[in-house]
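Listing of upload26.csv; format and content: CSV, C-alpha atoms and all ligand atoms.
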```csv
chain,number,residue,atom,x,y,z
A,24,MET,CA,168.3,249.6,-75.1
A,25,ILE,CA,166.1,249.9,-72.0
A,26,ARG,CA,167.0,247.7,-69.1
A,27,GLY,CA,165.3,247.4,-65.7
A,28,GLU,CA,167.4,246.0,-63.0
A,29,SER,CA,165.9,244.8,-59.7
A,30,LEU,CA,163.2,247.2,-60.6
A,31,SER,CA,160.2,247.5,-58.3
A,32,LYS,CA,157.3,249.8,-57.4
A,33,THR,CA,155.1,249.8,-54.3
A,34,PHE,CA,152.1,252.0,-53.6
A,35,GLY,CA,151.4,251.9,-49.9
A,36,ASP,CA,151.3,248.2,-49.1
A,37,ILE,CA,150.6,247.1,-52.7
A,38,GLN,CA,153.6,245.7,-54.6
A,39,ALA,CA,152.5,246.7,-58.1
A,40,VAL,CA,155.8,245.6,-59.5
A,41,LYS,CA,158.0,243.1,-57.5
A,42,PRO,CA,161.7,243.3,-58.0
A,43,LEU,CA,162.4,242.1,-61.6
A,44,ASP,CA,164.9,242.4,-64.4
A,45,ILE,CA,163.7,243.2,-67.9
A,46,HIS,CA,165.4,244.0,-71.1
A,47,ILE,CA,163.8,245.9,-74.0
A,48,ARG,CA,165.6,245.1,-77.2
A,49,GLU,CA,166.2,247.7,-79.8
A,50,HIS,CA,164.2,247.4,-83.1
A,51,GLY,CA,161.1,245.4,-82.9
A,52,ILE,CA,158.1,244.9,-80.6
A,53,THR,CA,158.1,243.8,-77.0
A,54,ALA,CA,154.7,242.9,-75.7
A,55,ILE,CA,154.1,243.0,-71.9
A,56,MET,CA,151.0,240.9,-71.3
A,57,GLY,CA,149.0,239.8,-68.3
A,58,GLY,CA,145.6,240.1,-66.6
A,59,SER,CA,144.2,243.3,-65.2
A,60,GLY,CA,146.1,244.4,-62.1
A,61,SER,CA,149.2,242.4,-62.9
A,62,GLY,CA,151.4,245.5,-63.0
A,63,LYS,CA,151.7,246.1,-66.7
A,64,THR,CA,150.9,249.8,-66.7
A,65,THR,CA,153.1,250.5,-63.7
A,66,LEU,CA,156.0,248.6,-65.4
A,67,LEU,CA,155.5,250.7,-68.6
A,68,ARG,CA,155.5,253.9,-66.6
A,69,LEU,CA,158.7,252.9,-64.8
A,70,LEU,CA,160.4,252.0,-68.1
A,71,SER,CA,159.5,255.3,-69.6
A,72,GLY,CA,160.6,257.4,-66.6
A,73,LEU,CA,157.0,258.6,-65.8
A,74,GLU,CA,157.2,256.8,-62.4
A,75,LYS,CA,160.2,256.6,-60.0
A,76,PRO,CA,161.1,253.1,-59.0
A,77,SER,CA,160.8,252.1,-55.3
A,78,SER,CA,164.0,250.2,-55.8
A,79,GLY,CA,166.3,249.3,-58.6
A,80,HIS,CA,167.3,251.0,-61.8
A,81,VAL,CA,166.0,251.8,-65.3
A,82,TRP,CA,168.8,252.2,-67.8
A,83,PHE,CA,168.0,254.1,-71.0
A,84,ALA,CA,171.1,253.6,-73.0
A,85,SER,CA,173.6,254.3,-70.2
A,86,GLU,CA,171.6,256.7,-68.1
A,87,ASP,CA,169.6,255.7,-65.0
A,88,LEU,CA,166.2,257.3,-65.4
A,89,GLY,CA,165.5,257.3,-61.6
A,90,ARG,CA,168.7,259.1,-60.7
A,91,ILE,CA,169.3,261.8,-63.4
A,92,PRO,CA,168.1,265.4,-62.8
A,93,GLU,CA,164.5,266.2,-63.9
A,94,ARG,CA,165.8,268.4,-66.7
A,95,ARG,CA,167.8,265.6,-68.3
A,96,LEU,CA,164.8,263.2,-67.8
A,97,PHE,CA,162.6,265.6,-69.8
A,98,LYS,CA,165.2,265.8,-72.5
A,99,LEU,CA,165.5,262.0,-72.7
A,100,ARG,CA,161.7,261.7,-72.7
A,101,GLU,CA,161.7,263.5,-76.1
A,102,GLN,CA,163.1,260.3,-77.4
A,103,MET,CA,160.1,258.3,-76.2
A,104,GLY,CA,156.6,258.4,-77.6
A,105,MET,CA,153.6,257.5,-75.5
A,106,VAL,CA,150.2,256.2,-76.5
A,107,PHE,CA,148.1,256.2,-73.4
A,108,GLN,CA,145.2,253.9,-72.8
A,109,TYR,CA,142.6,256.5,-73.3
A,110,SER,CA,144.4,258.3,-76.1
A,111,ALA,CA,144.7,261.5,-74.0
A,112,LEU,CA,144.2,263.8,-76.9
A,113,LEU,CA,143.9,267.5,-76.1
A,114,ASN,CA,140.2,268.2,-76.6
A,115,SER,CA,140.7,271.9,-77.5
A,116,LEU,CA,143.0,271.2,-80.4
A,117,ASP,CA,142.1,269.6,-83.7
A,118,VAL,CA,144.0,266.6,-85.1
A,119,TYR,CA,146.7,268.8,-86.6
A,120,GLY,CA,147.2,270.6,-83.4
A,121,ASN,CA,147.4,267.4,-81.4
A,122,VAL,CA,150.1,265.9,-83.7
A,123,ALA,CA,152.0,269.2,-83.9
A,124,PHE,CA,151.9,269.7,-80.1
A,125,PRO,CA,155.2,268.0,-79.2
A,126,LEU,CA,156.9,269.8,-82.1
A,127,HIS,CA,155.6,273.1,-80.9
A,128,GLU,CA,156.6,272.3,-77.3
A,129,HIS,CA,160.1,270.9,-77.9
A,130,THR,CA,161.4,272.4,-81.2
A,131,ASN,CA,161.9,275.8,-82.8
A,132,LEU,CA,161.0,274.5,-86.3
A,133,ASP,CA,159.2,276.7,-88.7
A,134,GLU,CA,155.5,276.1,-89.0
A,135,GLU,CA,156.0,275.0,-92.6
A,136,ILE,CA,158.4,272.2,-91.6
A,137,ILE,CA,156.1,271.2,-88.7
A,138,ARG,CA,153.2,271.0,-91.2
A,139,ARG,CA,155.2,268.7,-93.4
A,140,ILE,CA,156.1,266.5,-90.5
A,141,VAL,CA,152.5,266.4,-89.3
A,142,MET,CA,151.3,265.4,-92.8
A,143,MET,CA,153.9,262.6,-92.9
A,144,LYS,CA,152.8,261.2,-89.6
A,145,LEU,CA,149.1,261.4,-90.5
A,146,GLU,CA,149.8,259.7,-93.8
A,147,GLN,CA,151.5,256.9,-91.8
A,148,VAL,CA,148.4,256.3,-89.7
A,149,GLY,CA,146.0,256.7,-92.6
A,150,LEU,CA,144.5,260.0,-91.4
A,151,ARG,CA,145.8,262.6,-93.9
A,152,GLY,CA,142.7,264.7,-94.8
A,153,PHE,CA,141.3,264.5,-91.3
A,154,GLU,CA,143.6,267.3,-89.8
A,155,HIS,CA,140.7,269.6,-89.0
A,156,LEU,CA,138.6,267.2,-87.1
A,157,MET,CA,138.2,267.8,-83.3
A,158,PRO,CA,138.8,264.8,-80.9
A,159,SER,CA,135.1,264.7,-80.2
A,160,GLU,CA,134.5,264.0,-83.8
A,161,LEU,CA,136.8,260.9,-83.9
A,162,SER,CA,135.9,257.3,-83.4
A,163,GLY,CA,137.9,255.4,-80.7
A,164,GLY,CA,140.1,253.8,-83.4
A,165,MET,CA,140.8,257.1,-85.1
A,166,ALA,CA,141.7,258.7,-81.7
A,167,LYS,CA,144.2,255.9,-81.1
A,168,ARG,CA,145.7,256.6,-84.5
A,169,VAL,CA,146.0,260.3,-83.8
A,170,ALA,CA,147.7,259.5,-80.5
A,171,PHE,CA,150.1,257.2,-82.4
A,172,ALA,CA,150.9,259.9,-84.9
A,173,ARG,CA,151.5,262.3,-82.1
A,174,ALA,CA,153.8,259.8,-80.3
A,175,MET,CA,155.8,259.5,-83.5
A,176,ALA,CA,156.0,263.3,-84.2
A,177,MET,CA,159.5,263.7,-82.6
A,178,ASP,CA,160.8,260.5,-84.3
A,179,PRO,CA,161.3,258.8,-81.0
A,180,ARG,CA,163.7,255.9,-80.4
A,181,VAL,CA,161.0,254.0,-78.7
A,182,VAL,CA,157.2,254.2,-78.5
A,183,PHE,CA,155.2,252.9,-75.6
A,184,PHE,CA,151.6,251.8,-76.0
A,185,ASP,CA,149.3,251.1,-73.1
A,186,GLU,CA,146.4,248.8,-74.1
A,187,PRO,CA,146.2,250.2,-77.7
A,188,THR,CA,143.2,248.0,-78.5
A,189,SER,CA,141.2,248.3,-75.4
A,190,GLY,CA,137.7,249.7,-75.9
A,191,LEU,CA,137.8,249.2,-79.6
A,192,ASP,CA,135.6,247.0,-81.8
A,193,PRO,CA,137.4,244.0,-83.2
A,194,ILE,CA,137.9,245.6,-86.6
A,195,SER,CA,139.4,248.8,-85.3
A,196,ALA,CA,141.5,246.8,-82.9
A,197,GLY,CA,142.8,244.8,-85.8
A,198,VAL,CA,143.6,248.0,-87.7
A,199,ILE,CA,145.6,249.4,-84.8
A,200,THR,CA,147.4,246.1,-84.2
A,201,SER,CA,148.6,245.8,-87.8
A,202,LEU,CA,149.4,249.5,-88.0
A,203,ILE,CA,151.7,249.2,-85.0
A,204,HIS,CA,153.3,246.1,-86.5
A,205,ASP,CA,153.8,247.6,-90.0
A,206,THR,CA,155.0,250.9,-88.8
A,207,VAL,CA,157.6,249.5,-86.4
A,208,ARG,CA,158.9,247.1,-89.1
A,209,LYS,CA,159.1,249.7,-91.8
A,210,ALA,CA,160.7,252.4,-89.7
A,211,HIS,CA,163.0,250.1,-87.7
A,212,MET,CA,161.5,251.4,-84.5
A,213,THR,CA,161.4,250.0,-81.0
A,214,ALA,CA,158.0,249.6,-79.4
A,215,VAL,CA,156.8,248.3,-76.1
A,216,VAL,CA,153.1,247.3,-76.1
A,217,VAL,CA,151.2,246.6,-72.9
A,218,THR,CA,148.1,244.5,-73.6
A,219,HIS,CA,145.8,242.0,-72.0
A,220,ASP,CA,144.8,241.1,-75.6
A,221,VAL,CA,146.5,237.7,-76.0
A,222,HIS,CA,145.8,237.4,-79.7
A,223,ALA,CA,147.1,240.9,-80.5
A,224,GLY,CA,150.2,240.5,-78.3
A,225,LEU,CA,151.3,237.1,-79.6
A,226,SER,CA,150.6,238.1,-83.2
A,227,ILE,CA,152.8,241.3,-83.4
A,228,ALA,CA,155.5,240.8,-80.8
A,229,ASP,CA,159.1,239.7,-81.3
A,230,HIS,CA,159.4,239.2,-77.6
A,231,VAL,CA,156.7,238.6,-75.0
A,232,ILE,CA,156.8,239.2,-71.3
A,233,LEU,CA,154.0,237.7,-69.3
A,234,MET,CA,153.2,239.2,-65.9
A,235,TRP,CA,151.2,237.9,-62.9
A,236,GLN,CA,150.8,239.7,-59.6
A,237,GLY,CA,153.7,242.1,-60.3
A,238,ALA,CA,156.2,239.5,-61.4
A,239,ILE,CA,157.4,238.2,-64.7
A,240,ILE,CA,156.2,234.6,-65.0
A,241,ALA,CA,157.3,233.9,-68.6
A,242,SER,CA,159.3,235.6,-71.3
A,243,GLY,CA,160.4,234.6,-74.8
A,244,SER,CA,159.2,234.5,-78.4
A,245,PRO,CA,155.5,234.2,-79.1
A,246,ASP,CA,156.1,230.5,-79.9
A,247,ASP,CA,157.9,230.0,-76.6
A,248,ILE,CA,154.9,231.4,-74.8
A,249,ARG,CA,152.4,229.3,-76.9
A,250,ALA,CA,154.4,226.2,-76.0
A,251,SER,CA,154.7,227.0,-72.3
A,252,GLU,CA,153.5,224.3,-69.9
A,253,ASP,CA,153.3,226.7,-67.0
A,254,GLU,CA,149.7,226.4,-65.8
A,255,ARG,CA,149.4,230.2,-65.3
A,256,VAL,CA,150.6,230.9,-68.8
A,257,ARG,CA,148.2,228.3,-70.2
A,258,GLN,CA,145.3,229.8,-68.3
A,259,PHE,CA,146.1,233.2,-69.6
A,260,ILE,CA,146.6,232.4,-73.3
A,261,GLU,CA,143.6,230.1,-73.3
A,262,GLY,CA,141.5,232.6,-71.5
A,263,ARG,CA,140.2,230.1,-69.0
A,264,PRO,CA,138.2,231.4,-66.0
A,265,ASP,CA,139.5,228.6,-63.7
A,266,GLY,CA,143.1,227.8,-62.9
A,267,PRO,CA,145.8,229.1,-60.7
A,268,ILE,CA,145.0,232.8,-61.5
A,269,PRO,CA,142.2,233.7,-59.1
A,270,PHE,CA,139.1,235.5,-60.1
A,271,SER,CA,139.5,238.1,-57.4
A,272,ARG,CA,142.8,239.2,-56.1
A,273,SER,CA,141.7,241.4,-53.2
A,274,THR,CA,143.6,240.5,-50.1
A,275,ARG,CA,140.8,241.9,-47.9
A,276,PRO,CA,138.1,239.5,-46.7
A,277,TYR,CA,134.9,240.0,-48.7
A,278,LEU,CA,132.7,240.4,-45.6
A,279,ASP,CA,135.0,243.2,-44.3
A,280,ASP,CA,134.6,245.1,-47.5
A,281,LEU,CA,130.8,244.5,-47.5
A,282,LEU,CA,130.4,245.6,-43.9
A,283,GLY,CA,133.1,248.3,-43.9
A,284,THR,CA,134.8,246.6,-41.0
A,285,GLN,CA,138.5,246.3,-40.4
A,286,PRO,CA,139.8,242.8,-40.6
B,301,LIG,N1,149.0,255.2,-58.5
B,301,LIG,C1,148.7,254.1,-57.9
B,301,LIG,N2,148.3,254.1,-56.6
B,301,LIG,C2,148.0,253.0,-55.9
B,301,LIG,N3,147.9,251.8,-56.4
B,301,LIG,C3,148.2,251.7,-57.7
B,301,LIG,C4,148.6,252.8,-58.5
B,301,LIG,N4,148.8,252.4,-59.8
B,301,LIG,C5,148.6,251.0,-59.8
B,301,LIG,N5,148.3,250.6,-58.5
B,301,LIG,C6,148.0,249.2,-58.2
B,301,LIG,O1,149.0,248.4,-58.6
B,301,LIG,C7,148.6,247.2,-59.1
B,301,LIG,C8,149.0,247.1,-60.6
B,301,LIG,O2,148.3,248.0,-61.4
B,301,LIG,P1,148.6,248.3,-62.9
B,301,LIG,O3,150.1,248.5,-63.1
B,301,LIG,O4,147.7,249.4,-63.3
B,301,LIG,O5,148.2,246.9,-63.5
B,301,LIG,P2,147.7,246.6,-65.0
B,301,LIG,O6,148.1,247.7,-65.9
B,301,LIG,O7,148.3,245.3,-65.3
B,301,LIG,O8,146.2,246.4,-64.9
B,301,LIG,C9,147.1,247.2,-59.0
B,301,LIG,O9,146.8,246.5,-57.8
B,301,LIG,C10,146.7,248.7,-58.8
B,301,LIG,O10,145.6,248.9,-58.1
B,302,MG,MG,147.0,248.9,-67.2
```
When written as structure tokens, how does the structure in this file appear?
Ligand SMILES: Nc1ncnc2c1ncn2[C@@H]1O[C@H](COP(=O)(O)OP(=O)(O)O)[C@@H](O)[C@H]1O
Ligand SMILES: [Mg+2]
Amino acid sequence: MIRGESLSKTFGDIQAVKPLDIHIREHGITAIMGGSGSGKTTLLRLLSGLEKPSSGHVWFASEDLGRIPERRLFKLREQMGMVFQYSALLNSLDVYGNVAFPLHEHTNLDEEIIRRIVMMKLEQVGLRGFEHLMPSELSGGMAKRVAFARAMAMDPRVVFFDEPTSGLDPISAGVITSLIHDTVRKAHMTAVVVTHDVHAGLSIADHVILMWQGAIIASGSPDDIRASEDERVRQFIEGRPDGPIPFSRSTRPYLDDLLGTQP
């Protein structure tokens, strides 16, 4: 359904995503996992057309997201829902207004129809009855659920999640994880979930992609990943501090950073 081909992204001299091939299968959950700074968010932004590749292609069905006109890209992006790392709710709108926002922006539906859609989406995330709360009145977990409801408002073909459990207590994290799992299963949706949460990723995904320093170092079913003998994969899934994945990945010598000198 979505395919990255020789896809890469560089920012200045940082290769955030090194040339890679990736295939997001339709129906089900693909988890993109890896440590902080491994390129997960950048890859997600490339796959969703938010970022232009430095090289290669992103095929969404048969269209190359990096090469189609802006207008067409905006149209295609209506088929994609995004749940950003910090929920990114509009603080001036209540829960209803946030979930209705994409419908107001992209459709000419009557308010009565929009209201029904919003109620359905809030029911799906367990927040019907909370439509009049403002974002500042929501817990972190509730805000994520509102962001999820908003991402589903347009009945997208694919929903992208960036770190859906980060910053949440373990219980709220568990709620979000199972909500993503159950919703995707019931609605036959396609989801791409970026996470550094090994447990969450392996427990809900059909397909796992593991990144390290901008490259894919493993991919397969959760069981394939658990059984991997690659030292980097083992270090990541066992959460060990020591191993081939270094604690610091800055390429600048420490002293130069401390003294502000050029190497
Ligand atoms: N907009 C940007 N400008 C410059 N560097 C960036 C930008 N976005 C990401 N990077 C760099 O690219 C690398 C990968 O970042 P990111 O994709 O956010 O990783 P992750 O989501 O796995 O933590 C990091 O070194 C980060 O500092
Ligand atoms: Mg990230």
>> As a quick test: using all atoms listed in the file, which residues lie no more than 7 Å away from ligand MG 302 (chain B)? Give them as a list of chain:residue names.
In response: A:Ser59, A:Gly60, A:Gly62, A:Lys63, A:Thr64, A:Asp185, A:Glu186
Restrict the calculation to all atoms listed in the file, then for each residue of chain A with any atom at most 12 Å from an atom of ligand LIG 301 (chain B) give the closest atom pair and their distance in Å to one decimal, rows by chain and rising residue number, as a Markdown table.
```
| residue | atom | partner | partner_atom | distance |
| --- | --- | --- | --- | --- |
| A:Ser31 | CA | B:LIG301 | O3 | 11.2 |
| A:Lys32 | CA | B:LIG301 | O1 | 8.5 |
| A:Thr33 | CA | B:LIG301 | O1 | 7.6 |
| A:Phe34 | CA | B:LIG301 | C2 | 4.8 |
| A:Gly35 | CA | B:LIG301 | C2 | 7.0 |
| A:Asp36 | CA | B:LIG301 | N3 | 8.8 |
| A:Ile37 | CA | B:LIG301 | O1 | 6.2 |
| A:Gln38 | CA | B:LIG301 | O1 | 6.7 |
| A:Ala39 | CA | B:LIG301 | O1 | 3.9 |
| A:Val40 | CA | B:LIG301 | C8 | 7.0 |
| A:Lys41 | CA | B:LIG301 | C8 | 10.3 |
| A:Ile55 | CA | B:LIG301 | O7 | 9.1 |
| A:Met56 | CA | B:LIG301 | O7 | 7.9 |
| A:Gly57 | CA | B:LIG301 | O7 | 6.3 |
| A:Gly58 | CA | B:LIG301 | O7 | 6.0 |
| A:Ser59 | CA | B:LIG301 | O8 | 3.7 |
| A:Gly60 | CA | B:LIG301 | O8 | 3.4 |
| A:Ser61 | CA | B:LIG301 | O7 | 3.9 |
| A:Gly62 | CA | B:LIG301 | O3 | 3.3 |
| A:Lys63 | CA | B:LIG301 | O7 | 3.8 |
| A:Thr64 | CA | B:LIG301 | O6 | 3.6 |
| A:Thr65 | CA | B:LIG301 | O3 | 3.7 |
| A:Leu66 | CA | B:LIG301 | O3 | 6.3 |
| A:Leu67 | CA | B:LIG301 | O3 | 8.0 |
| A:Arg68 | CA | B:LIG301 | O3 | 8.4 |
| A:Leu69 | CA | B:LIG301 | O3 | 9.8 |
| A:Leu70 | CA | B:LIG301 | O3 | 12.0 |
| A:Leu73 | CA | B:LIG301 | N1 | 11.4 |
| A:Glu74 | CA | B:LIG301 | N1 | 9.2 |
| A:Lys75 | CA | B:LIG301 | N1 | 11.4 |
| A:Phe107 | CA | B:LIG301 | O6 | 11.3 |
| A:Gln108 | CA | B:LIG301 | O6 | 9.7 |
| A:Phe184 | CA | B:LIG301 | O6 | 11.4 |
| A:Asp185 | CA | B:LIG301 | O6 | 8.1 |
| A:Glu186 | CA | B:LIG301 | O6 | 8.4 |
| A:Ser189 | CA | B:LIG301 | O6 | 11.8 |
| A:Val216 | CA | B:LIG301 | O6 | 11.4 |
| A:Val217 | CA | B:LIG301 | O6 | 7.7 |
| A:Thr218 | CA | B:LIG301 | O6 | 8.3 |
| A:His219 | CA | B:LIG301 | O7 | 7.9 |
| A:Asp220 | CA | B:LIG301 | O7 | 11.7 |
| A:Leu233 | CA | B:LIG301 | O7 | 10.3 |
| A:Met234 | CA | B:LIG301 | O7 | 7.8 |
| A:Trp235 | CA | B:LIG301 | O7 | 8.3 |
| A:Gln236 | CA | B:LIG301 | C8 | 7.7 |
| A:Gly237 | CA | B:LIG301 | C8 | 6.9 |
| A:Ala238 | CA | B:LIG301 | C8 | 10.5 |
| A:Ile239 | CA | B:LIG301 | O7 | 11.6 |
| A:Ser271 | CA | B:LIG301 | O9 | 11.1 |
| A:Arg272 | CA | B:LIG301 | O9 | 8.5 |
| A:Ser273 | CA | B:LIG301 | O9 | 8.6 |
| A:Thr274 | CA | B:LIG301 | O9 | 10.3 |
```
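For the pair atom CA of A:Ala241 and atom CA of A:Val256, the interatomic distance is 7.3 Å.
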Counting all atoms listed in the file, the residue among A:Val122, A:Asp133, A:Ile52, A:Val231 that lies closest to A:Ile203 is A:Ile52
Using all atoms listed in the file, the best pick from A:Arg255, A:Lys144, A:Arg151, A:His211 as closest to A:His50 would be A:His211
Given only C-alpha atoms as the counted atoms, nearest of A:Ala250, A:Met175, A:Ile232, A:Val148 to A:Val198 =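 Nearest candidate to A:Val198 out of A:Ala250, A:Met175, A:Ile232, A:Val148: A:Val148.
In this comparison, which uses all atoms listed in the file, the residue of A:Ile260, A:Met142, A:Leu88, A:Ala111 approaching A:Ala223 most closely is A:Ile260.
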Computed gap from atom CA of A:Arg168 to atom CA of A:Val181 is 16.6 Å
| request: Can you work out which one of A:Met177, A:Ala123, A:Ile194, A:Ile137 has the shortest atom-to-atom distance to A:Met165, counting only C-alpha atoms? | output: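 The shortest atom-to-atom distance to A:Met165 comes from A:Ile194.
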Taking (161.8, 249.0, -70.5) in the coordinates of the supplied file, I want to know which residues reach to within 9 Å of it, counting only C-alpha atoms; could you give the answer as an MDAnalysis selection string? chainID A and resid 24:27 45:48 66:71 81:83 215
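Of the residues listed (A:Ser110, A:Gln102, A:Ser244, A:Thr284), A:Gln102 shows the shortest atom-to-atom separation from A:Asp178; distances use all atoms listed in the file.
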Note to self: What does the structure give for the distance between atom CA of A:Glu128 and atom CA of A:Leu202, in Å to one decimal?
What the structure shows: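 So the two atoms, atom CA of A:Glu128 and atom CA of A:Leu202, lie 26.2 Å apart.
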>> Neighbouring residues of A:Asp246 were defined as those with any atom within 12 Å, considering only C-alpha atoms; residues of the same chain fewer than 3 positions away were excluded. Please report them as number ranges by chain.
In response: A: 224-231, 241-243, 249-251, 260
Tell me which protein, DNA and RNA residues are within 9 Å of A:Phe124, counting all atoms listed in the file, leaving out same-chain ones fewer than 4 positions away, and put them as a PyMOL selection string. chain A and resi 119-120+128-129+173+176
